[in-house]
Structures are given as structure tokens and as C-alpha cells.
>>> print(open('entry-v2.txt').read())   # compact mmCIF, C-alpha atoms
# COMPACT_ATOMS: atom_id res chain seq x y z
CA MET A 1 -20.34 19.26 -17.76
CA SER A 2 -18.78 17.62 -20.80
CA CYS A 3 -16.94 14.31 -20.63
CA GLU A 4 -13.68 16.20 -21.21
CA ASP A 5 -14.41 18.63 -18.36
CA ARG A 6 -15.37 15.77 -16.05
CA ALA A 7 -12.15 13.89 -16.84
CA GLY A 8 -10.14 17.05 -16.20
CA ALA A 9 -11.82 17.63 -12.85
CA GLN A 10 -11.15 14.03 -11.83
CA LEU A 11 -7.49 14.39 -12.76
CA VAL A 12 -7.18 17.58 -10.69
CA GLY A 13 -8.70 15.70 -7.76
CA LEU A 14 -6.20 12.89 -8.21
CA ALA A 15 -3.30 15.35 -8.39
CA LEU A 16 -4.59 17.07 -5.26
CA ARG A 17 -4.54 13.78 -3.35
CA GLU A 18 -1.00 13.12 -4.56
CA LEU A 19 0.28 16.53 -3.46
CA GLU A 20 -1.45 16.15 -0.12
CA LEU A 21 0.57 12.95 0.37
CA CYS A 22 3.62 15.07 -0.44
CA ARG A 23 2.54 17.41 2.40
CA VAL A 24 2.43 20.54 0.29
CA GLY A 25 1.69 23.45 2.63
CA ARG A 26 0.29 26.93 2.08
CA GLU A 27 3.65 28.62 2.73
CA GLU A 28 5.66 26.24 0.58
CA THR A 29 7.02 27.06 -2.87
CA VAL A 30 6.18 24.59 -5.63
CA LEU A 31 7.98 24.52 -8.99
CA LEU A 32 6.48 22.59 -11.90
CA TYR A 33 9.26 21.72 -14.38
CA THR A 34 8.00 20.93 -17.90
CA ASP A 35 8.83 21.06 -21.60
CA PRO A 36 6.77 21.16 -24.81
CA ASP A 37 6.54 17.36 -24.87
CA SER A 38 5.19 17.03 -21.32
CA ARG A 39 1.72 15.57 -20.82
CA ARG A 40 -0.36 18.73 -20.82
CA ASP A 41 -3.43 17.17 -19.18
CA VAL A 42 -1.33 15.93 -16.28
CA CYS A 43 0.65 19.19 -16.02
CA SER A 44 -2.52 21.28 -15.95
CA ALA A 45 -3.93 19.09 -13.20
CA LEU A 46 -0.73 19.28 -11.17
CA PHE A 47 -0.53 23.05 -11.51
CA GLY A 48 -4.17 23.50 -10.50
CA ALA A 49 -3.79 21.17 -7.53
CA ALA A 50 -0.58 22.88 -6.40
CA CYS A 51 -2.30 26.28 -6.52
CA MET A 52 -5.03 24.95 -4.23
CA LEU A 53 -2.44 23.99 -1.62
CA SER A 54 0.33 26.57 -2.03
CA ASP A 55 0.32 30.34 -2.45
CA GLN A 56 3.63 30.15 -4.29
CA THR A 57 3.29 27.90 -7.32
CA PHE A 58 4.94 28.52 -10.68
CA GLU A 59 5.90 26.62 -13.83
CA VAL A 60 9.14 26.65 -15.81
CA VAL A 61 9.11 25.38 -19.40
CA VAL A 62 12.42 24.40 -21.01
CA PRO A 63 13.17 23.10 -24.53
CA SER A 64 12.70 19.38 -25.08
CA THR A 65 15.84 17.28 -25.38
CA ARG A 66 16.18 13.97 -27.17
CA PRO A 67 19.57 12.37 -26.51
CA SER A 68 20.82 10.07 -29.25
CA GLY A 69 22.02 6.52 -28.75
CA GLY A 70 19.24 5.22 -26.53
CA GLY A 71 19.13 4.75 -22.79
CA ALA A 72 18.08 7.19 -20.09
CA HIS A 73 20.95 9.62 -20.58
CA ARG A 74 22.00 11.77 -17.67
CA SER A 75 20.23 15.10 -18.00
CA ARG A 76 21.81 18.43 -17.17
CA LEU A 77 19.53 21.08 -15.74
CA PRO A 78 19.94 24.63 -17.02
CA ASP A 79 21.83 26.75 -14.49
CA ALA A 80 18.87 29.09 -14.05
CA VAL A 81 16.61 26.17 -13.16
CA VAL A 82 19.18 24.84 -10.68
CA GLY A 83 19.18 28.24 -9.00
CA LEU A 84 15.39 28.24 -8.77
CA ALA A 85 15.31 24.68 -7.49
CA HIS A 86 17.50 25.62 -4.55
CA SER A 87 14.79 28.00 -3.35
CA VAL A 88 11.76 25.72 -3.63
CA ASP A 89 10.25 23.17 -1.27
CA LEU A 90 8.82 20.80 -3.90
CA MET A 91 9.93 20.45 -7.49
CA ILE A 92 7.56 18.48 -9.70
CA ASP A 93 9.53 17.06 -12.61
CA ALA A 94 6.92 16.54 -15.32
CA SER A 95 9.37 16.96 -18.19
CA SER A 96 9.43 14.44 -21.00
CA HIS A 97 13.16 13.69 -20.59
CA GLY A 98 13.35 13.81 -16.79
CA MET A 99 16.02 15.09 -14.44
CA LEU A 100 17.76 11.74 -14.51
CA HIS A 101 21.00 10.50 -12.95
CA GLY A 102 22.73 13.87 -12.81
CA GLY A 103 24.74 15.53 -10.08
CA GLU A 104 22.43 18.56 -10.12
CA ILE A 105 19.67 16.44 -8.59
CA THR A 106 21.91 15.48 -5.70
CA THR A 107 22.75 19.14 -5.12
CA VAL A 108 19.09 20.19 -5.14
CA LEU A 109 18.07 17.42 -2.77
CA ALA A 110 20.95 18.23 -0.42
CA GLN A 111 19.43 21.71 0.01
CA GLY A 112 16.31 20.09 1.45
CA ALA A 113 14.03 20.34 -1.58
CA ARG A 114 12.04 17.26 -2.52
CA ILE A 115 11.46 16.15 -6.10
CA LEU A 116 8.42 14.32 -7.44
CA ARG A 117 8.82 12.79 -10.91
CA VAL A 118 5.56 12.55 -12.90
CA ARG A 119 5.61 11.10 -16.40
CA GLU A 120 3.07 8.27 -16.73
CA PRO A 121 -0.30 8.70 -18.52
CA ALA A 122 -3.24 9.74 -16.37
CA SER A 123 -4.79 6.27 -16.34
CA ALA A 124 -1.55 4.77 -14.98
CA LEU A 125 -1.29 7.47 -12.32
CA SER A 126 -4.79 6.57 -11.16
CA ARG A 127 -4.32 2.79 -11.27
CA LEU A 128 -0.94 2.92 -9.50
CA PHE A 129 -1.84 5.61 -6.97
CA PRO A 130 0.15 5.16 -3.73
CA ASP A 131 -1.25 2.32 -1.62
CA GLU A 132 -0.61 1.54 2.06
CA ALA A 133 -0.23 -2.22 1.58
CA VAL A 134 2.25 -1.70 -1.26
CA THR A 135 4.17 0.83 0.83
CA ARG A 136 4.46 -1.73 3.64
CA ARG A 137 5.83 -4.33 1.19
CA ILE A 138 8.43 -1.85 -0.05
CA ALA A 139 9.45 -1.02 3.53
CA ALA A 140 9.75 -4.72 4.39
CA SER A 141 11.82 -5.32 1.26
CA ALA A 142 14.15 -2.50 2.21
CA LYS A 143 14.61 -3.91 5.70
CA LEU A 144 15.60 -7.29 4.26
CA LEU A 145 18.08 -5.74 1.82
CA GLU A 146 19.58 -3.52 4.51
CA GLY A 147 20.47 -6.60 6.52
CA ALA A 148 22.05 -8.50 3.62
CA SER A 149 25.66 -8.64 2.48
CA GLU A 150 25.11 -10.57 -0.79
CA VAL A 151 22.23 -10.69 -3.23
CA ARG A 152 21.95 -13.49 -5.79
CA PHE A 153 19.69 -13.34 -8.84
CA GLN A 154 18.84 -16.54 -10.71
CA SER A 155 16.32 -17.62 -13.33
CA ALA A 156 15.22 -20.64 -15.32
CA ALA A 157 16.52 -18.85 -18.41
CA GLY A 158 20.07 -19.09 -17.05
CA SER A 159 20.67 -15.93 -15.03
CA ASP A 160 23.05 -16.33 -12.09
CA LEU A 161 24.38 -12.99 -10.85
CA LEU A 162 25.96 -12.43 -7.45
CA VAL A 163 26.01 -8.85 -6.16
CA ARG A 164 27.70 -7.51 -3.03
CA ARG A 165 25.38 -5.19 -1.14
CA GLY A 166 27.98 -2.71 0.04
CA GLU A 167 27.24 0.17 2.42
CA ARG A 168 25.11 2.48 0.28
CA PRO A 169 21.54 3.12 1.40
CA VAL A 170 18.62 1.03 0.20
CA LEU A 171 16.18 3.30 -1.63
CA ARG A 172 12.41 3.03 -1.44
CA GLN A 173 10.12 4.32 -4.16
CA ILE A 174 6.54 4.49 -2.90
CA GLY A 175 5.04 7.00 -5.33
CA TYR A 176 5.25 10.25 -3.35
CA CYS A 177 7.83 12.28 -1.41
CA ALA A 178 6.94 13.90 1.90
CA ASP A 179 10.33 14.32 3.58
CA PRO A 180 12.90 17.05 2.85
CA GLY A 181 15.59 15.85 0.45
CA GLY A 182 13.42 13.03 -0.89
CA TRP A 183 12.93 11.94 -4.52
CA ASP A 184 10.16 9.70 -5.81
CA HIS A 185 8.18 8.80 -8.91
CA TRP A 186 4.38 8.79 -8.93
CA GLY A 187 3.29 5.30 -9.95
CA THR A 188 6.45 3.41 -8.94
CA ALA A 189 6.80 0.89 -6.09
CA LEU A 190 10.42 -0.28 -6.11
CA THR A 191 13.10 -1.24 -3.60
CA THR A 192 16.62 -0.84 -4.94
CA PHE A 193 20.23 -0.12 -4.02
CA SER A 194 23.42 0.88 -5.78
CA PRO A 195 26.20 -1.63 -5.07
CA PRO A 196 29.93 -0.88 -5.31
CA GLU A 197 30.81 -0.38 -8.97
CA ASP A 198 32.84 -3.62 -9.13
CA ALA A 199 30.48 -5.70 -7.01
CA ALA A 200 28.63 -7.89 -9.56
CA GLU A 201 29.77 -11.17 -11.10
CA GLY A 202 28.03 -13.73 -13.26
CA ARG A 203 25.48 -13.91 -16.04
CA LEU A 204 22.16 -12.27 -16.83
CA VAL A 205 19.78 -13.73 -19.39
CA LEU A 206 16.90 -11.67 -20.73
CA ALA A 207 14.26 -14.25 -21.69
CA PRO A 208 11.56 -13.57 -24.30
CA GLY A 209 9.09 -11.18 -22.69
CA ASP A 210 11.68 -9.51 -20.45
CA VAL A 211 12.37 -5.84 -21.12
CA PHE A 212 15.22 -3.46 -21.72
CA PHE A 213 14.48 0.25 -21.78
CA LEU A 214 15.40 2.32 -24.82
CA THR A 215 14.78 5.49 -22.79
CA ALA A 216 13.61 6.10 -19.24
CA THR A 217 9.98 5.51 -20.25
CA ASN A 218 10.08 3.48 -23.47
CA GLY A 219 11.13 -0.15 -23.51
CA VAL A 220 10.97 -3.22 -25.72
CA TYR A 221 10.07 -6.83 -24.94
CA VAL A 222 12.89 -9.07 -26.11
CA ARG A 223 11.90 -11.70 -28.67
CA GLU A 224 14.84 -14.04 -28.17
CA PRO A 225 17.30 -14.65 -25.32
CA VAL A 226 19.97 -12.04 -24.64
CA THR A 227 22.91 -13.14 -22.48
CA LEU A 228 25.06 -10.61 -20.63
CA THR A 229 28.34 -11.67 -19.04
CA VAL A 230 29.26 -9.47 -16.08
CA GLN A 231 32.77 -9.33 -14.60
CA ASP A 232 34.01 -6.95 -11.91
CA GLY A 233 30.67 -5.15 -12.08
CA ALA A 234 30.67 -4.46 -15.83
CA ILE A 235 29.15 -6.07 -18.91
CA VAL A 236 32.01 -7.62 -20.89
CA GLU A 237 30.04 -9.63 -23.46
CA VAL A 238 26.59 -9.53 -25.05
CA GLN A 239 25.33 -12.64 -26.86
CA GLY A 240 22.17 -13.29 -28.83
CA GLY A 241 20.40 -12.19 -31.98
CA GLY A 242 18.89 -8.90 -33.09
CA ASP A 243 17.84 -7.77 -29.62
CA ALA A 244 21.35 -8.42 -28.33
CA ARG A 245 22.84 -6.35 -31.13
CA LEU A 246 20.51 -3.44 -30.34
CA LEU A 247 21.31 -3.59 -26.64
CA GLU A 248 25.05 -3.73 -27.30
CA GLN A 249 24.80 -0.85 -29.76
CA MET A 250 23.15 1.26 -27.06
CA LEU A 251 25.86 0.35 -24.54
CA ARG A 252 28.70 1.19 -26.92
CA ALA A 253 27.17 4.23 -28.64
CA GLY A 254 28.88 6.79 -26.44
CA GLY A 255 32.26 5.07 -26.38
CA ASP A 256 32.29 5.08 -22.58
CA PRO A 257 33.28 1.74 -20.99
CA GLU A 258 31.60 2.81 -17.76
CA ALA A 259 28.19 2.69 -19.48
CA GLY A 260 28.06 -1.07 -18.90
CA ARG A 261 28.83 -0.94 -15.19
CA VAL A 262 26.16 -2.04 -12.69
CA SER A 263 24.13 0.89 -11.35
CA HIS A 264 21.33 -0.43 -9.16
CA VAL A 265 19.47 -3.67 -8.44
CA GLY A 266 16.18 -4.47 -6.72
CA TRP A 267 12.60 -5.58 -7.17
CA GLY A 268 9.05 -4.26 -7.52
CA GLY A 269 6.19 -4.71 -5.10
CA ASP A 270 2.85 -3.60 -6.59
CA PRO A 271 0.36 -6.35 -7.57
CA ARG A 272 -1.63 -3.79 -9.57
CA ALA A 273 1.26 -3.24 -12.00
CA ASP A 274 0.77 -4.68 -15.48
CA TRP A 275 3.69 -6.39 -17.25
CA ASN A 276 1.97 -5.69 -20.57
CA ALA A 277 1.83 -1.93 -19.95
CA LEU A 278 4.36 -1.11 -22.66
CA GLU A 279 1.88 -2.48 -25.19
CA ARG A 280 -1.06 -0.84 -23.43
CA TYR A 281 0.58 2.57 -23.72
CA ALA A 282 2.31 2.02 -27.06
CA GLY A 283 2.99 5.39 -28.62
CA GLN A 284 2.19 7.26 -25.40
CA GLY A 285 5.58 6.91 -23.72
CA GLY A 286 4.18 5.13 -20.68
CA GLY A 287 4.48 1.79 -18.94
CA GLY A 288 7.85 2.26 -17.28
CA ALA A 289 6.31 2.52 -13.81
CA ASP A 290 4.42 -0.74 -14.33
CA LEU A 291 7.50 -2.69 -15.37
CA ARG A 292 9.60 -1.37 -12.49
CA SER A 293 6.81 -1.86 -9.96
CA PHE A 294 5.66 -5.30 -11.10
CA CYS A 295 5.26 -7.43 -7.96
CA GLY A 296 8.16 -9.88 -7.84
CA GLY A 297 9.78 -8.45 -10.94
CA VAL A 298 13.51 -7.78 -10.78
CA VAL A 299 15.09 -4.55 -12.06
CA ILE A 300 18.83 -4.41 -12.74
CA ALA A 301 20.34 -1.26 -14.23
CA PHE A 302 23.66 -0.31 -15.75
CA GLY A 303 25.32 3.07 -16.12
CA SER A 304 25.23 6.26 -14.08
CA ASN A 305 24.55 6.01 -10.34
CA VAL A 306 25.69 9.36 -8.93
CA ASP A 307 22.15 10.23 -7.83
CA MET A 308 22.05 7.01 -5.79
CA GLY A 309 25.25 7.50 -3.82
CA GLY A 310 27.54 6.00 -6.46
CA GLN A 311 30.62 7.21 -8.31
CA ASN A 312 29.84 6.40 -11.96
CA THR A 313 29.39 9.67 -13.85
CA THR A 314 28.79 8.21 -17.32
CA SER A 315 25.98 9.92 -19.25
CA PHE A 316 24.31 6.56 -19.98
CA HIS A 317 21.77 4.63 -17.91
CA MET A 318 19.63 1.62 -18.87
CA ASP A 319 17.18 -0.44 -16.85
CA LEU A 320 16.52 -4.14 -17.50
CA ALA A 321 13.33 -5.73 -16.16
CA PHE A 322 13.07 -9.48 -15.54
CA ARG A 323 9.98 -11.55 -14.84
CA GLY A 324 10.05 -14.93 -13.08
CA SER A 325 13.42 -14.50 -11.36
CA SER A 326 14.53 -15.90 -8.01
CA VAL A 327 16.41 -13.88 -5.40
CA SER A 328 18.39 -15.01 -2.36
CA LEU A 329 19.84 -12.80 0.37
CA ASP A 330 22.89 -14.37 2.02
CA GLY A 331 21.56 -17.77 0.96
CA ARG A 332 17.99 -17.17 2.17
CA GLN A 333 15.50 -17.25 -0.68
CA VAL A 334 13.01 -14.40 -0.69
CA LEU A 335 11.74 -14.67 -4.28
CA ASP A 336 11.08 -17.92 -6.13
CA ALA A 337 10.36 -17.71 -9.86
CA GLY A 338 8.70 -14.32 -9.41
CA SER A 339 6.73 -15.12 -6.22
CA PHE A 340 7.69 -13.87 -2.78
CA VAL A 341 8.27 -16.74 -0.35
CA VAL A 342 8.83 -14.83 2.90
CA GLU A 343 5.79 -13.90 4.93
CA GLU A 344 6.60 -10.19 5.27
CA LEU A 345 6.59 -9.70 1.48
CA ARG A 346 3.49 -11.66 0.58
>>> encode(input="entry-v2.txt", output="C-alpha cells")
Amino acid sequence: MSCEDRAGAQLVGLALRELELCRVGREETVLLYTDPDSRRDVCSALFGAACMLSDQTFEVVVPSTRPSGGGAHRSRLPDAVVGLAHSVDLMIDASSHGMLHGGEITTVLAQGARILRVREPASALSRLFPDEAVTRRIAASAKLLEGASEVRFQSAAGSDLLVRRGERPVLRQIGYCADPGGWDHWGTALTTFSPPEDAAEGRLVLAPGDVFFLTATNGVYVREPVTLTVQDGAIVEVQGGGDARLLEQMLRAGGDPEAGRVSHVGWGGDPRADWNALERYAGQGGGGADLRSFCGGVVIAFGSNVDMGGQNTTSFHMDLAFRGSSVSLDGRQVLDAGSFVVEELR
């Protein structure tokens, strides 16, 4: 067996374990959703693994889309694919653009289908494979957030943002989806919630080494501080140098004032995640799962939130990732300069 064949067999085995966690059964229908820019090695492994578990596995390939302006723009599924998705049990979204932040996802999930997003390179999928200890940390994080009414984010760089929790559900990303109506992303370990659209006040400062995402999977490390002033849940001012100008250009590109409104906030919980992953996978479109999963890292997003129970239908969405932040829930500190300080999260 050649090295290439051996690597392919190992990837099929990894995909099989993942789909077993997703409880794919023999009578279930599995749809693999791809495009010409999908990772073919990963897609082939997923398709082969799905065929081992299900007698009804098929793949749909759609044209690639590249929205302009930056940010993870809300994607619209073709009507034919929406119709197919309503009749499947598991939809594996391995497309390059992703079924992101659109109302069609909510409709599909409401029918009981579950959606697994797969986009990271094979090495990241292996390194960040779902882990029981990480899953417990995510569950404990969710329990803490569910009991909070206010969340405060602070940092040595100058961030001080107060967010009302609201009544929307706290979402857990653990890397696989086993329950009907569930969505998850292989490689991600993140606890997050979507607050009321006007429920954030204060200041966020991206320090050198923090990240803002140009697309769902590609981000940049800022080289100089970027200060965002947030009032009534929306970014009203962006200050800084070149990085600030790029970020503001992305926010304003579509001419929609709702693009700068808070979408979701939370933190990662996987100690295996690598903050330097964007450099590791430079040119491969990977690393997003690492940055969002980084243990003690804070993720705050702006833009569309309709797939998270919100009301903002803007086409724009952008995640910001912060390292070394502190978080308090109703005055109780749970994260101090990037380290968890409550026993259940350590």
C-alpha cells in the first residue's frame, strides 16, 4: 500500500468514527453537500464512510460562490437542495462557502434533519476530533451561561464590553451532531449565545495577535490595536491603523447598518486548539476551528444571527477572536486573562 493509499484509508477510518458519533444508521439518508472547491480528500472519505453506515447516501455538487466584501456572508441554498434536505436525516455540509447564517438552515433543522459542517484540513480534523473531556467543559460552560443575566468581557488591551444574556438558548458546539435538528462543526469546541440585538455596550480592543475573520475560514492576525465602540448592540466607531480600516471597510461594504450589530458571544474550550493555526494552514483555508475552539479564547461576532434564534437578517457575518481576555458572569469571574478560574471549567 502506498503512502497516499494509507493516508486515504486512515482518513476514511476517521470519518467513520465521526459519523458513528453522529449515529448514522443503516436506514438513514445521508446527503453530502459539496462544490468544486471542497476538500476532495475529506469529501471522498466522508462519502465512503457514509456508505459503510447508510444504504442511502448521495452527493450533491453545486457551483462555488465567492461573495465580495469579506466576512462570512449569509449563503442561500438552491431551492432544489432545500427540497432534498427536507427529506434527509443527516446533511454533511462540506462546501467551501458553507451554509452559513441563512434562514434555510433553520427550516431544514426544524424538519428534524441534522447538519454536520466539515471544512477543516484532514490534519485538523484528526487533531481536534471530538473529546469527552472537552465536551464536558463545553457543557459546564453552557450551564454557567444559562444561569447568567449579564456577561462582561474585559482585557488588558482595554476591552470592556457588557452584554445582556437575554432568553435565547446557549449553543454548544462539540464537533458532532447526534440529535434531530442539531447543527455542529467537526473540529469546533465552542459555547456561545445570541443576545438581544441591542444588548451590548462598551468597547472592544483587538490587540496584536488577536484575529478577525475575512471569511468563515480565513482570518488575519491584527498587527496593531483596533478599537471598536459598541452602543445599543452595534459598532458605531472603528479606530486604529490599517487593520482598523480593513475591518471597517468589510463592515460598511454592503451598506447595511445591521452588519455591525452583535450576533453571538462566547468562548472556546479545547486545549488542543492552536492559536497559530491560521499560519499553519496558510493558503489551505483552515484554522478557523482552532481559533474558535482555543481554550479560554473569547469569540464575539457581528452580523446575521437568524440561525441562532435572532432577528438580524443582514447578509454579513464576522467573527472576532480574542486571546487573554477576562469574563465575568453577573460579577463572578470565570475567566482571568485567558485562564479559567472556576473548578468546573479547568
>>> closest_residue(input="entry-v2.txt", among="A:Gln231, A:Thr314, A:Ser325, A:Asn276", to="Gly254 of chain A", atoms="only C-alpha atoms")
A:Thr314
>>> residues_around(input="entry-v2.txt", residues="segment 130-143 of chain A", least_positions_apart="5", cutoff="8 Å", atoms="all atoms listed in the file", output="PDB file with C-alpha atoms, in the coordinates of the input")
ATOM      1  CA  VAL A 170      18.620   1.030   0.200  1.00  0.00           C
ATOM      2  CA  LEU A 171      16.180   3.300  -1.630  1.00  0.00           C
ATOM      3  CA  ARG A 172      12.410   3.030  -1.440  1.00  0.00           C
ATOM      4  CA  GLN A 173      10.120   4.320  -4.160  1.00  0.00           C
ATOM      5  CA  ILE A 174       6.540   4.490  -2.900  1.00  0.00           C
ATOM      6  CA  GLY A 175       5.040   7.000  -5.330  1.00  0.00           C
ATOM      7  CA  TYR A 176       5.250  10.250  -3.350  1.00  0.00           C
ATOM      8  CA  TRP A 186       4.380   8.790  -8.930  1.00  0.00           C
ATOM      9  CA  GLY A 187       3.290   5.300  -9.950  1.00  0.00           C
ATOM     10  CA  ALA A 189       6.800   0.890  -6.090  1.00  0.00           C
ATOM     11  CA  LEU A 190      10.420  -0.280  -6.110  1.00  0.00           C
ATOM     12  CA  THR A 191      13.100  -1.240  -3.600  1.00  0.00           C
ATOM     13  CA  THR A 192      16.620  -0.840  -4.940  1.00  0.00           C
ATOM     14  CA  GLY A 268       9.050  -4.260  -7.520  1.00  0.00           C
ATOM     15  CA  GLY A 269       6.190  -4.710  -5.100  1.00  0.00           C
ATOM     16  CA  ASP A 270       2.850  -3.600  -6.590  1.00  0.00           C
ATOM     17  CA  GLU A 344       6.600 -10.190   5.270  1.00  0.00           C
ATOM     18  CA  LEU A 345       6.590  -9.700   1.480  1.00  0.00           C
ATOM     19  CA  ARG A 346       3.490 -11.660   0.580  1.00  0.00           C
TER      20      ARG A 346
END
>>> closest_residue(input="entry-v2.txt", among="A:Phe58, A:Tyr281, A:Phe322, A:Phe193", to="Ser44 of chain A", atoms="all atoms listed in the file")
A:Phe58
>>> closest_residue(input="entry-v2.txt", among="A:Arg168, A:Arg119, A:His185, A:Arg332", to="Ser263 of chain A", atoms="all atoms listed in the file")
A:Arg168
>>> closest_residue(input="entry-v2.txt", among="A:Ala259, A:Val81, A:Ala337, A:Leu19", to="Val108 of chain A", atoms="only C-alpha atoms")
A:Val81
>>> closest_residue(input="entry-v2.txt", among="A:Gly202, A:Gly147, A:Pro180, A:Pro36", to="Val88 of chain A", atoms="all atoms listed in the file")
A:Pro180
>>> closest_residue(input="entry-v2.txt", among="A:Gly219, A:Ser87, A:Gln154, A:Ala234", to="Glu28 of chain A", atoms="all atoms listed in the file")
A:Ser87
>>> atom_distance(input="entry-v2.txt", atom1="atom CA of Pro121 of chain A", atom2="atom CA of Ala50 of chain A")
18.7 Å
>>> atom_distance(input="entry-v2.txt", atom1="atom CA of Ala148 of chain A", atom2="atom CA of Gly324 of chain A")
21.5 Å
>>> atom_distance(input="entry-v2.txt", atom1="atom CA of Glu201 of chain A", atom2="atom CA of Arg261 of chain A")
11.1 Å
>>> residues_near_point(input="entry-v2.txt", point="(4.8, 19.2, -17.7)", cutoff="10 Å", atoms="all atoms listed in the file", output="CSV table (one decimal) with C-alpha atoms, in the coordinates of the input")
chain,number,residue,atom,x,y,z
A,32,LEU,CA,6.5,22.6,-11.9
A,33,TYR,CA,9.3,21.7,-14.4
A,34,THR,CA,8.0,20.9,-17.9
A,35,ASP,CA,8.8,21.1,-21.6
A,36,PRO,CA,6.8,21.2,-24.8
A,37,ASP,CA,6.5,17.4,-24.9
A,38,SER,CA,5.2,17.0,-21.3
A,39,ARG,CA,1.7,15.6,-20.8
A,40,ARG,CA,-0.4,18.7,-20.8
A,41,ASP,CA,-3.4,17.2,-19.2
A,42,VAL,CA,-1.3,15.9,-16.3
A,43,CYS,CA,0.6,19.2,-16.0
A,44,SER,CA,-2.5,21.3,-16.0
A,45,ALA,CA,-3.9,19.1,-13.2
A,46,LEU,CA,-0.7,19.3,-11.2
A,47,PHE,CA,-0.5,23.0,-11.5
A,59,GLU,CA,5.9,26.6,-13.8
A,60,VAL,CA,9.1,26.6,-15.8
A,61,VAL,CA,9.1,25.4,-19.4
A,62,VAL,CA,12.4,24.4,-21.0
A,92,ILE,CA,7.6,18.5,-9.7
A,93,ASP,CA,9.5,17.1,-12.6
A,94,ALA,CA,6.9,16.5,-15.3
A,95,SER,CA,9.4,17.0,-18.2
A,96,SER,CA,9.4,14.4,-21.0
A,118,VAL,CA,5.6,12.6,-12.9
A,119,ARG,CA,5.6,11.1,-16.4
>>> residues_near_point(input="entry-v2.txt", point="(21.1, -16.4, 2.1)", cutoff="10 Å", atoms="all atoms listed in the file", output="ChimeraX atom specification")
/A:148-152,327-334
>>> write_last_selection(input="entry-v2.txt", atoms="C-alpha atoms", output="mmCIF file, keeping the file's coordinate frame")
data_model
loop_
_atom_site.group_PDB
_atom_site.id
_atom_site.type_symbol
_atom_site.label_atom_id
_atom_site.label_comp_id
_atom_site.auth_asym_id
_atom_site.auth_seq_id
_atom_site.Cartn_x
_atom_site.Cartn_y
_atom_site.Cartn_z
ATOM 1 C CA ALA A 148 22.050 -8.500 3.620
ATOM 2 C CA SER A 149 25.660 -8.640 2.480
ATOM 3 C CA GLU A 150 25.110 -10.570 -0.790
ATOM 4 C CA VAL A 151 22.230 -10.690 -3.230
ATOM 5 C CA ARG A 152 21.950 -13.490 -5.790
ATOM 6 C CA VAL A 327 16.410 -13.880 -5.400
ATOM 7 C CA SER A 328 18.390 -15.010 -2.360
ATOM 8 C CA LEU A 329 19.840 -12.800 0.370
ATOM 9 C CA ASP A 330 22.890 -14.370 2.020
ATOM 10 C CA GLY A 331 21.560 -17.770 0.960
ATOM 11 C CA ARG A 332 17.990 -17.170 2.170
ATOM 12 C CA GLN A 333 15.500 -17.250 -0.680
ATOM 13 C CA VAL A 334 13.010 -14.400 -0.690
#
>>> residues_around(input="entry-v2.txt", residues="Leu246 of chain A", least_positions_apart="2", cutoff="12 Å", atoms="all atoms listed in the file", output="ChimeraX atom specification")
/A:69-71,212-214,220,222,226,238-244,248-253
>>> decode(input="entry-v2.txt", residues="segment 37-48 of chain A", atoms="N, CA, C and O atoms", output="PDB file, in the first residue's frame")
ATOM      1  N   ASP A  37     -14.720  23.536  -5.017  1.00  0.00           N
ATOM      2  CA  ASP A  37     -13.617  23.953  -4.157  1.00  0.00           C
ATOM      3  C   ASP A  37     -13.596  23.222  -2.814  1.00  0.00           C
ATOM      4  O   ASP A  37     -12.797  23.565  -1.939  1.00  0.00           O
ATOM      5  N   SER A  38     -14.448  22.229  -2.642  1.00  0.00           N
ATOM      6  CA  SER A  38     -14.421  21.433  -1.413  1.00  0.00           C
ATOM      7  C   SER A  38     -13.130  20.628  -1.337  1.00  0.00           C
ATOM      8  O   SER A  38     -12.471  20.381  -2.352  1.00  0.00           O
ATOM      9  N   ARG A  39     -12.782  20.202  -0.139  1.00  0.00           N
ATOM     10  CA  ARG A  39     -11.579  19.374   0.043  1.00  0.00           C
ATOM     11  C   ARG A  39     -11.910  17.957  -0.434  1.00  0.00           C
ATOM     12  O   ARG A  39     -12.618  17.205   0.244  1.00  0.00           O
ATOM     13  N   ARG A  40     -11.348  17.573  -1.569  1.00  0.00           N
ATOM     14  CA  ARG A  40     -11.747  16.304  -2.167  1.00  0.00           C
ATOM     15  C   ARG A  40     -11.307  15.112  -1.336  1.00  0.00           C
ATOM     16  O   ARG A  40     -12.006  14.089  -1.309  1.00  0.00           O
ATOM     17  N   ASP A  41     -10.159  15.182  -0.666  1.00  0.00           N
ATOM     18  CA  ASP A  41      -9.740  14.047   0.160  1.00  0.00           C
ATOM     19  C   ASP A  41     -10.722  13.820   1.304  1.00  0.00           C
ATOM     20  O   ASP A  41     -11.127  12.682   1.583  1.00  0.00           O
ATOM     21  N   VAL A  42     -11.150  14.914   1.925  1.00  0.00           N
ATOM     22  CA  VAL A  42     -12.096  14.803   3.032  1.00  0.00           C
ATOM     23  C   VAL A  42     -13.462  14.356   2.530  1.00  0.00           C
ATOM     24  O   VAL A  42     -14.113  13.490   3.141  1.00  0.00           O
ATOM     25  N   CYS A  43     -13.910  14.909   1.399  1.00  0.00           N
ATOM     26  CA  CYS A  43     -15.216  14.536   0.854  1.00  0.00           C
ATOM     27  C   CYS A  43     -15.251  13.056   0.465  1.00  0.00           C
ATOM     28  O   CYS A  43     -16.255  12.370   0.714  1.00  0.00           O
ATOM     29  N   SER A  44     -14.187  12.577  -0.143  1.00  0.00           N
ATOM     30  CA  SER A  44     -14.138  11.161  -0.526  1.00  0.00           C
ATOM     31  C   SER A  44     -14.209  10.267   0.700  1.00  0.00           C
ATOM     32  O   SER A  44     -14.897   9.239   0.696  1.00  0.00           O
ATOM     33  N   ALA A  45     -13.509  10.671   1.760  1.00  0.00           N
ATOM     34  CA  ALA A  45     -13.533   9.889   2.988  1.00  0.00           C
ATOM     35  C   ALA A  45     -14.923   9.906   3.624  1.00  0.00           C
ATOM     36  O   ALA A  45     -15.425   8.874   4.093  1.00  0.00           O
ATOM     37  N   LEU A  46     -15.554  11.068   3.640  1.00  0.00           N
ATOM     38  CA  LEU A  46     -16.892  11.173   4.211  1.00  0.00           C
ATOM     39  C   LEU A  46     -17.895  10.343   3.423  1.00  0.00           C
ATOM     40  O   LEU A  46     -18.756   9.661   4.004  1.00  0.00           O
ATOM     41  N   PHE A  47     -17.804  10.390   2.105  1.00  0.00           N
ATOM     42  CA  PHE A  47     -18.740   9.632   1.285  1.00  0.00           C
ATOM     43  C   PHE A  47     -18.541   8.127   1.492  1.00  0.00           C
ATOM     44  O   PHE A  47     -19.517   7.379   1.654  1.00  0.00           O
ATOM     45  N   GLY A  48     -17.289   7.697   1.512  1.00  0.00           N
ATOM     46  CA  GLY A  48     -17.020   6.278   1.737  1.00  0.00           C
ATOM     47  C   GLY A  48     -17.500   5.812   3.100  1.00  0.00           C
ATOM     48  O   GLY A  48     -18.098   4.736   3.223  1.00  0.00           O
TER      49      GLY A  48
END
